[in-house]
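Enquirer: Sharing protein-v1.cif, mmCIF, C-alpha atoms:
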data_entry
#
loop_
_atom_site.label_atom_id
_atom_site.label_comp_id
_atom_site.auth_asym_id
_atom_site.auth_seq_id
_atom_site.Cartn_x
_atom_site.Cartn_y
_atom_site.Cartn_z
CA MET A 11 14.84 12.62 -17.00
CA PHE A 12 15.01 12.28 -13.28
CA GLY A 13 18.12 13.52 -11.51
CA LYS A 14 18.81 12.09 -8.09
CA ILE A 15 15.98 10.21 -6.49
CA LEU A 16 15.89 9.74 -2.75
CA TYR A 17 14.79 6.36 -1.50
CA PRO A 18 14.48 6.35 2.29
CA THR A 19 14.15 2.87 3.75
CA ASP A 20 13.39 1.46 7.18
CA PHE A 21 14.16 -2.02 5.77
CA SER A 22 10.48 -2.97 6.12
CA GLU A 23 8.56 -4.99 3.57
CA PRO A 24 6.74 -1.92 2.14
CA SER A 25 10.13 -0.26 1.68
CA GLN A 26 11.38 -3.32 -0.16
CA LYS A 27 8.30 -3.31 -2.41
CA ALA A 28 8.93 0.33 -3.20
CA LEU A 29 12.48 -0.56 -4.20
CA ASP A 30 11.22 -3.22 -6.60
CA SER A 31 9.08 -0.55 -8.29
CA VAL A 32 11.98 1.89 -8.37
CA ARG A 33 14.08 -0.68 -10.21
CA ARG A 34 11.29 -1.33 -12.70
CA LEU A 35 10.16 2.25 -13.31
CA PHE A 36 13.37 4.24 -13.24
CA GLN A 37 15.62 1.98 -15.32
CA GLY A 38 17.49 4.25 -17.72
CA CYS A 39 15.68 7.33 -16.41
CA VAL A 40 17.62 8.39 -13.36
CA GLU A 41 21.07 9.79 -12.69
CA GLU A 42 21.53 8.34 -9.23
CA ILE A 43 19.57 6.65 -6.47
CA LEU A 44 20.29 7.78 -2.92
CA VAL A 45 19.51 5.02 -0.45
CA LEU A 46 18.87 6.58 2.95
CA HIS A 47 18.35 4.95 6.30
CA VAL A 48 17.69 7.11 9.33
CA PHE A 49 18.55 5.52 12.61
CA ASP A 50 16.25 6.82 15.29
CA ARG A 51 18.18 6.76 18.57
CA ARG A 52 14.93 7.41 20.44
CA GLU A 53 13.91 3.85 19.71
CA LEU A 54 17.04 2.60 21.38
CA ARG A 55 16.30 4.73 24.44
CA ASN A 56 12.76 3.38 24.60
CA LEU A 57 14.14 -0.11 24.43
CA ALA A 58 16.57 0.63 27.24
CA THR A 59 13.77 2.11 29.36
CA VAL A 60 11.56 -0.90 28.85
CA GLY A 61 14.51 -3.15 29.62
CA GLY A 62 15.18 -1.18 32.80
CA ILE A 63 11.58 -1.18 33.96
CA ILE A 64 10.90 -4.83 33.51
CA GLY A 65 14.47 -5.55 34.60
CA LYS A 66 14.85 -8.17 31.96
CA TYR A 67 18.22 -7.27 30.60
CA PRO A 68 20.89 -4.70 31.20
CA ILE A 69 21.67 -2.72 28.08
CA ASP A 70 24.81 -0.84 27.16
CA LEU A 71 23.41 1.96 25.01
CA ASP A 72 26.66 2.84 23.27
CA GLU A 73 27.50 -0.74 22.49
CA GLU A 74 23.98 -1.39 21.23
CA PHE A 75 24.10 1.78 19.14
CA ASN A 76 27.37 0.75 17.52
CA ARG A 77 26.05 -2.73 16.83
CA LEU A 78 22.87 -1.39 15.21
CA GLU A 79 24.74 1.26 13.25
CA SER A 80 27.04 -1.30 11.73
CA GLU A 81 24.05 -3.55 10.98
CA HIS A 82 22.27 -0.68 9.21
CA LEU A 83 25.37 0.26 7.23
CA THR A 84 25.62 -3.33 6.03
CA LYS A 85 21.97 -3.38 4.98
CA VAL A 86 22.24 -0.08 3.11
CA LYS A 87 25.42 -1.26 1.40
CA LYS A 88 23.66 -4.41 0.25
CA ILE A 89 20.83 -2.39 -1.33
CA VAL A 90 23.35 -0.08 -3.02
CA ASP A 91 25.33 -3.05 -4.36
CA ASP A 92 22.15 -4.68 -5.67
CA LEU A 93 21.17 -1.48 -7.47
CA LYS A 94 24.64 -1.14 -8.96
CA SER A 95 24.56 -4.75 -10.14
CA VAL A 96 21.54 -3.92 -12.33
CA GLY A 97 23.09 -0.79 -13.78
CA PHE A 98 22.03 2.04 -11.49
CA ALA A 99 24.35 4.62 -9.98
CA ALA A 100 23.62 4.44 -6.26
CA THR A 101 24.94 5.90 -3.02
CA GLY A 102 24.15 4.87 0.54
CA ILE A 103 23.54 7.31 3.38
CA VAL A 104 23.00 6.41 7.05
CA ARG A 105 22.00 9.18 9.42
CA GLU A 106 21.09 9.33 13.04
CA GLY A 107 18.11 11.48 13.94
CA ILE A 108 14.39 11.85 13.57
CA PRO A 109 13.42 10.08 10.35
CA LEU A 110 10.98 12.66 8.99
CA ARG A 111 13.36 15.54 9.61
CA GLU A 112 16.40 13.77 8.18
CA ILE A 113 14.55 12.65 5.06
CA LEU A 114 13.53 16.26 4.39
CA ASN A 115 17.06 17.49 5.12
CA VAL A 116 18.76 15.01 2.82
CA ALA A 117 16.23 15.69 0.05
CA ASP A 118 17.09 19.40 0.27
CA GLU A 119 20.85 18.99 0.67
CA GLU A 120 21.14 16.54 -2.20
CA LYS A 121 18.63 18.40 -4.38
CA ALA A 122 16.66 15.22 -4.93
CA SER A 123 14.19 15.43 -7.80
CA VAL A 124 11.78 12.92 -6.22
CA ILE A 125 11.35 11.15 -2.87
CA VAL A 126 10.09 7.58 -3.16
CA LEU A 127 8.01 6.14 -0.32
CA GLY A 128 6.37 2.80 0.28
CA SER A 129 2.89 2.66 1.75
CA HIS A 130 2.31 0.56 4.80
CA GLY A 131 -0.79 -1.45 4.15
CA LYS A 132 -4.51 -1.24 3.99
CA SER A 133 -7.10 -0.37 6.58
CA ASN A 134 -10.47 -2.02 7.04
CA PHE A 135 -11.82 0.37 4.48
CA GLU A 136 -9.44 -0.99 1.86
CA GLU A 137 -7.57 2.26 1.94
CA VAL A 138 -3.84 2.58 2.05
CA ILE A 139 -2.37 3.50 5.41
CA LEU A 140 0.57 5.74 4.85
CA GLY A 141 2.25 5.81 8.21
CA SER A 142 3.17 9.02 9.97
CA VAL A 143 6.60 9.44 8.39
CA SER A 144 5.22 9.07 4.86
CA GLU A 145 2.37 11.43 5.62
CA GLY A 146 4.80 13.97 7.02
CA VAL A 147 7.04 13.72 3.96
CA ILE A 148 4.10 14.21 1.59
CA LYS A 149 2.90 17.23 3.54
CA GLN A 150 6.22 18.89 4.29
CA SER A 151 8.65 18.09 1.50
CA GLN A 152 9.36 20.52 -1.27
CA GLN A 153 10.15 17.75 -3.71
CA PRO A 154 7.65 15.63 -5.61
CA VAL A 155 6.84 12.46 -3.69
CA LEU A 156 6.18 9.12 -5.34
CA VAL A 157 4.00 6.90 -3.14
CA ILE A 158 4.23 3.22 -4.00
CA LYS A 159 1.53 0.85 -2.85
CA ARG A 160 2.36 -2.35 -1.12
CA ASP A 161 -0.73 -4.14 -2.19
CA THR A 162 -1.71 -3.96 -5.83
CA ARG A 163 -4.70 -6.24 -5.64
CA ARG A 164 -7.88 -5.05 -7.23
CA ARG A 165 -10.31 -3.06 -5.12
CA GLY A 166 -13.45 -4.96 -4.12
CA MET B 2 10.99 3.24 -18.01
CA PHE B 3 7.53 4.47 -17.27
CA GLY B 4 4.70 3.18 -19.42
CA LYS B 5 1.55 5.26 -19.54
CA ILE B 6 1.27 7.95 -16.94
CA LEU B 7 -2.11 9.35 -16.01
CA TYR B 8 -2.31 13.07 -15.50
CA PRO B 9 -5.77 14.07 -14.23
CA THR B 10 -6.40 17.81 -14.40
CA ASP B 11 -9.09 20.14 -13.15
CA PHE B 12 -7.37 22.96 -15.09
CA SER B 13 -6.39 24.63 -11.80
CA GLU B 14 -3.04 26.28 -11.18
CA PRO B 15 -1.70 23.33 -9.08
CA SER B 16 -2.63 21.01 -11.96
CA GLN B 17 -0.75 23.25 -14.36
CA LYS B 18 2.32 23.25 -12.08
CA ALA B 19 2.18 19.46 -11.96
CA LEU B 20 2.18 19.41 -15.74
CA ASP B 21 5.31 21.58 -15.86
CA SER B 22 7.05 19.02 -13.63
CA VAL B 23 5.79 16.15 -15.76
CA ARG B 24 7.33 17.74 -18.83
CA ARG B 25 10.62 18.25 -17.04
CA LEU B 26 10.90 14.91 -15.25
CA PHE B 27 9.48 12.45 -17.73
CA GLN B 28 11.13 13.67 -20.93
CA GLY B 29 12.38 10.58 -22.75
CA CYS B 30 11.17 8.29 -19.95
CA VAL B 31 7.52 7.69 -20.70
CA GLU B 32 5.57 5.90 -23.39
CA GLU B 33 2.46 8.03 -23.27
CA ILE B 34 0.80 10.69 -21.16
CA LEU B 35 -2.94 10.37 -20.65
CA VAL B 36 -4.51 13.75 -19.96
CA LEU B 37 -7.78 13.23 -18.09
CA HIS B 38 -10.44 15.70 -17.15
CA VAL B 39 -13.46 14.50 -15.23
CA PHE B 40 -16.48 16.67 -15.56
CA ASP B 41 -18.51 16.54 -12.39
CA ARG B 42 -22.13 17.10 -13.34
CA ARG B 43 -23.01 17.53 -9.66
CA GLU B 44 -21.35 20.94 -9.75
CA LEU B 45 -23.65 21.99 -12.54
CA ARG B 46 -26.67 20.87 -10.51
CA ASN B 47 -25.47 22.85 -7.49
CA LEU B 48 -25.09 25.87 -9.68
CA ALA B 49 -28.59 25.42 -11.03
CA THR B 50 -30.00 25.05 -7.50
CA VAL B 51 -28.27 28.17 -6.29
CA GLY B 52 -29.43 29.98 -9.41
CA GLY B 53 -32.98 28.80 -8.76
CA ILE B 54 -33.01 29.69 -5.07
CA ILE B 55 -31.67 33.16 -5.43
CA GLY B 56 -33.65 33.49 -8.65
CA LYS B 57 -30.83 35.29 -10.32
CA TYR B 58 -30.76 33.49 -13.60
CA PRO B 59 -32.62 30.72 -15.32
CA ILE B 60 -30.33 27.91 -16.40
CA ASP B 61 -30.82 25.33 -19.09
CA LEU B 62 -28.90 22.36 -17.67
CA ASP B 63 -28.49 20.51 -20.95
CA GLU B 64 -27.34 23.55 -22.80
CA GLU B 65 -24.93 24.48 -20.03
CA PHE B 66 -23.61 20.92 -19.91
CA ASN B 67 -22.95 20.91 -23.65
CA ARG B 68 -21.24 24.26 -23.46
CA LEU B 69 -18.97 23.16 -20.59
CA GLU B 70 -18.25 19.80 -22.19
CA SER B 71 -17.06 21.45 -25.36
CA GLU B 72 -15.00 23.93 -23.33
CA HIS B 73 -13.34 21.07 -21.42
CA LEU B 74 -12.64 19.14 -24.61
CA THR B 75 -10.93 22.21 -26.04
CA LYS B 76 -8.79 22.66 -22.92
CA VAL B 77 -7.74 19.00 -22.85
CA LYS B 78 -6.93 19.09 -26.55
CA LYS B 79 -4.72 22.13 -25.99
CA ILE B 80 -2.75 20.35 -23.25
CA VAL B 81 -2.36 17.27 -25.47
CA ASP B 82 -1.18 19.39 -28.40
CA ASP B 83 1.33 21.21 -26.18
CA LEU B 84 2.74 17.89 -24.94
CA LYS B 85 2.99 16.57 -28.49
CA SER B 86 4.78 19.72 -29.59
CA VAL B 87 7.61 18.95 -27.15
CA GLY B 88 7.91 15.32 -28.19
CA PHE B 89 5.57 13.37 -25.90
CA ALA B 90 2.97 10.89 -27.05
CA ALA B 91 -0.24 12.12 -25.43
CA THR B 92 -3.94 11.28 -25.47
CA GLY B 93 -6.85 13.28 -24.07
CA ILE B 94 -9.75 11.78 -22.17
CA VAL B 95 -12.84 13.63 -20.94
CA ARG B 96 -15.25 11.78 -18.71
CA GLU B 97 -18.39 12.70 -16.88
CA GLY B 98 -18.70 11.45 -13.34
CA ILE B 99 -17.29 11.66 -9.86
CA PRO B 100 -13.64 12.72 -10.23
CA LEU B 101 -12.09 10.36 -7.67
CA ARG B 102 -13.95 7.36 -9.01
CA GLU B 103 -13.22 8.13 -12.66
CA ILE B 104 -9.53 8.76 -12.01
CA LEU B 105 -9.25 5.35 -10.34
CA ASN B 106 -11.25 3.72 -13.15
CA VAL B 107 -9.16 5.20 -15.95
CA ALA B 108 -5.93 4.31 -14.14
CA ASP B 109 -7.08 0.70 -13.95
CA GLU B 110 -8.53 0.50 -17.47
CA GLU B 111 -5.49 2.05 -19.08
CA LYS B 112 -3.01 0.20 -16.85
CA ALA B 113 -1.32 3.45 -15.93
CA SER B 114 2.09 3.00 -14.32
CA VAL B 115 1.81 6.20 -12.30
CA ILE B 116 -0.87 8.79 -11.47
CA VAL B 117 0.45 12.36 -11.24
CA LEU B 118 -1.29 14.80 -8.93
CA GLY B 119 -0.75 18.44 -8.07
CA SER B 120 -1.02 19.58 -4.47
CA HIS B 121 -3.29 22.46 -3.66
CA GLY B 122 -1.33 24.79 -1.46
CA LYS B 123 -0.11 25.24 2.06
CA SER B 124 -1.92 25.52 5.34
CA ASN B 125 -1.01 27.84 8.18
CA PHE B 126 1.34 25.16 9.38
CA GLU B 127 3.33 25.37 6.13
CA GLU B 128 2.09 21.94 5.24
CA VAL B 129 0.80 20.98 1.86
CA ILE B 130 -2.95 20.67 1.56
CA LEU B 131 -3.74 17.85 -0.75
CA GLY B 132 -7.42 18.30 -1.42
CA SER B 133 -9.93 15.52 -1.04
CA VAL B 134 -9.60 14.10 -4.55
CA SER B 135 -5.82 13.82 -4.27
CA GLU B 136 -6.07 12.30 -0.82
CA GLY B 137 -8.61 9.79 -2.09
CA VAL B 138 -6.40 8.84 -5.04
CA ILE B 139 -3.36 8.32 -2.79
CA LYS B 140 -5.36 6.17 -0.41
CA GLN B 141 -7.38 4.16 -2.89
CA SER B 142 -5.39 3.78 -6.08
CA GLN B 143 -3.46 0.65 -6.87
CA GLN B 144 -0.91 2.54 -8.92
CA PRO B 145 2.02 4.54 -7.61
CA VAL B 146 1.04 8.18 -7.14
CA LEU B 147 3.41 11.07 -7.79
CA VAL B 148 2.44 14.13 -5.72
CA ILE B 149 3.84 17.37 -7.07
CA LYS B 150 4.04 20.42 -4.84
CA ARG B 151 2.77 23.76 -6.00
CA ASP B 152 5.01 25.77 -3.79
CA THR B 153 8.69 24.90 -3.79
CA ARG B 154 9.88 27.68 -1.51
CA ARG B 155 12.10 26.78 1.37
CA ARG B 156 10.50 25.83 4.67
CA GLY B 157 10.85 28.47 7.40
#
Go ahead and express the file in the form of structure tokens.
Expert:
Amino acid sequence: MFGKILYPTDFSEPSQKALDSVRRLFQGCVEEILVLHVFDRRELRNLATVGGIIGKYPIDLDEEFNRLESEHLTKVKKIVDDLKSVGFAATGIVREGIPLREILNVADEEKASVIVLGSHGKSNFEEVILGSVSEGVIKQSQQPVLVIKRDTRRRG
Amino acid sequence: MFGKILYPTDFSEPSQKALDSVRRLFQGCVEEILVLHVFDRRELRNLATVGGIIGKYPIDLDEEFNRLESEHLTKVKKIVDDLKSVGFAATGIVREGIPLREILNVADEEKASVIVLGSHGKSNFEEVILGSVSEGVIKQSQQPVLVIKRDTRRRG
């Protein structure tokens, strides 16, 4: 029996695919699903810098941050509600910070039994590309990590 | 609910640790555990070559192969019996071949829902070293892969 499983999501398609597998695999086998989104403020700063350099738009960082934060909260809440509607216990967490670090922190704090990650695609060699956050989690987490493939087509 | 899970083992300590986690996590949540050992005949050849070069011992490859095969069958059977004794359905498989390739083949043939792998240790950077077979399985398998850490001590 799995205790709490931690499902970090960046709302990307691979993350969504991983969630589909979570719903299928863990039905009846998990106490609670923690849905985590880490909001990386650095991205916002990069955006502001680019905006400043090319002079295309002025950006109010605080306003933009609040807008994005509320957008992320809504998305996490939707995932949590969907999970609850099919019988899971689920809790949403939104954090600001560096995604890799926050995923590891939450996994430790919440004593997650497993971290579930989606893979990002396939390279020219038909191998799965993990993405740097996933690779970091696999290498640095103390918890077991379940890597879920986006593409389940047969190898050539 | 997990269907069949594939647990490949090289009988190493990280493999054993992974098995402990399997027993803890999947109790009541899995149809069957497939215990796979792949016997890599190339290792035997290397041994014979080294033996020949340094002239230390003559080696009868066929005899040695039969001896090892029977030893591996015994070890796999012991794991299967242990799993059965705590209530799991379990089946043992011993194959000859290249480990990565055979793990992927068995996962496909048996329609495993998850492949469970142990990690091999930590580098100087306190990161988990996966080992080339594990890395290959993560990158090339179609199935979700559960990576289980050997060392669960707190990061520094």
Enquirer: Pull out every residue of chain A that has at least one atom within 6 Å of chain B, counting all atoms listed in the file, and report them as a PyMOL selection string.
Expert: chain A and resi 11-12+35-37+39+137-138+149-150+152+154-158+162
Enquirer: Distance atom CA of A:His82-atom CA of A:Arg51, one decimal place?
Expert: 12.6 Å
Enquirer: Report the distance between atom CA of B:Ala90 and atom CA of A:Leu29 in Å, rounded to one decimal place.
Expert: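 Result for atom CA of B:Ala90 versus atom CA of A:Leu29: 27.3 Å, one decimal.
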Enquirer: Between B:Pro15, B:Gly98, B:Pro9, B:Gly132, which residue has the minimum interatomic distance to B:Val77, considering all atoms listed in the file?
Expert: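 Ranking B:Pro15, B:Gly98, B:Pro9, B:Gly132 by distance to B:Val77, first place goes to B:Pro9.
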Enquirer: Could you tell me how far atom CA of B:Ile34 lies from atom CA of B:Val95, in Å and to one decimal?
Expert: 14.0 Å
Enquirer: Please provide as a ChimeraX atom specification all residues within 12 Å of stretch 74-76 of chain B, with the sequence filter that same-chain residues fewer than 2 positions apart are discarded (counting all atoms listed in the file).
Expert: /B:10-13,17,36-40,67-72,78-83,92-97
Enquirer: From the list B:Glu14, B:Asp63, B:Glu33, B:Glu44, which residue is nearest B:Glu111 when using all atoms listed in the file?
Expert: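 Of B:Glu14, B:Asp63, B:Glu33, B:Glu44, the one nearest B:Glu111 is B:Glu33, counting all atoms listed in the file.
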Enquirer: Can we get stretch 93-105 of chain B of that structure written down with N, CA and C atoms, as a PDB file, in the first residue's frame?
Expert:
ATOM      1  N   GLY B  93       9.061 -16.822 -11.329  1.00  0.00           N
ATOM      2  CA  GLY B  93      10.473 -16.609 -11.618  1.00  0.00           C
ATOM      3  C   GLY B  93      10.778 -16.826 -13.093  1.00  0.00           C
ATOM      4  N   ILE B  94      11.660 -16.004 -13.612  1.00  0.00           N
ATOM      5  CA  ILE B  94      12.099 -16.144 -15.003  1.00  0.00           C
ATOM      6  C   ILE B  94      13.619 -16.012 -15.036  1.00  0.00           C
ATOM      7  N   VAL B  95      14.298 -16.967 -15.650  1.00  0.00           N
ATOM      8  CA  VAL B  95      15.741 -16.828 -15.870  1.00  0.00           C
ATOM      9  C   VAL B  95      15.984 -16.866 -17.372  1.00  0.00           C
ATOM     10  N   ARG B  96      16.685 -15.852 -17.848  1.00  0.00           N
ATOM     11  CA  ARG B  96      16.976 -15.785 -19.269  1.00  0.00           C
ATOM     12  C   ARG B  96      18.466 -15.637 -19.482  1.00  0.00           C
ATOM     13  N   GLU B  97      18.923 -16.105 -20.622  1.00  0.00           N
ATOM     14  CA  GLU B  97      20.300 -15.842 -20.993  1.00  0.00           C
ATOM     15  C   GLU B  97      20.275 -14.726 -22.026  1.00  0.00           C
ATOM     16  N   GLY B  98      21.203 -13.795 -21.926  1.00  0.00           N
ATOM     17  CA  GLY B  98      21.245 -12.743 -22.929  1.00  0.00           C
ATOM     18  C   GLY B  98      21.845 -11.471 -22.387  1.00  0.00           C
ATOM     19  N   ILE B  99      21.587 -10.391 -23.108  1.00  0.00           N
ATOM     20  CA  ILE B  99      22.080  -9.091 -22.673  1.00  0.00           C
ATOM     21  C   ILE B  99      21.019  -8.493 -21.744  1.00  0.00           C
ATOM     22  N   PRO B 100      21.393  -8.192 -20.487  1.00  0.00           N
ATOM     23  CA  PRO B 100      20.390  -7.806 -19.491  1.00  0.00           C
ATOM     24  C   PRO B 100      19.410  -6.719 -19.951  1.00  0.00           C
ATOM     25  N   LEU B 101      19.925  -5.593 -20.449  1.00  0.00           N
ATOM     26  CA  LEU B 101      19.034  -4.512 -20.848  1.00  0.00           C
ATOM     27  C   LEU B 101      17.996  -5.003 -21.849  1.00  0.00           C
ATOM     28  N   ARG B 102      18.492  -5.699 -22.875  1.00  0.00           N
ATOM     29  CA  ARG B 102      17.593  -6.139 -23.940  1.00  0.00           C
ATOM     30  C   ARG B 102      16.536  -7.117 -23.407  1.00  0.00           C
ATOM     31  N   GLU B 103      16.977  -8.041 -22.577  1.00  0.00           N
ATOM     32  CA  GLU B 103      16.034  -9.053 -22.074  1.00  0.00           C
ATOM     33  C   GLU B 103      15.011  -8.457 -21.108  1.00  0.00           C
ATOM     34  N   ILE B 104      15.452  -7.485 -20.316  1.00  0.00           N
ATOM     35  CA  ILE B 104      14.499  -6.815 -19.416  1.00  0.00           C
ATOM     36  C   ILE B 104      13.397  -6.136 -20.239  1.00  0.00           C
ATOM     37  N   LEU B 105      13.810  -5.433 -21.297  1.00  0.00           N
ATOM     38  CA  LEU B 105      12.827  -4.750 -22.146  1.00  0.00           C
ATOM     39  C   LEU B 105      11.918  -5.767 -22.841  1.00  0.00           C
TER      40      LEU B 105
END
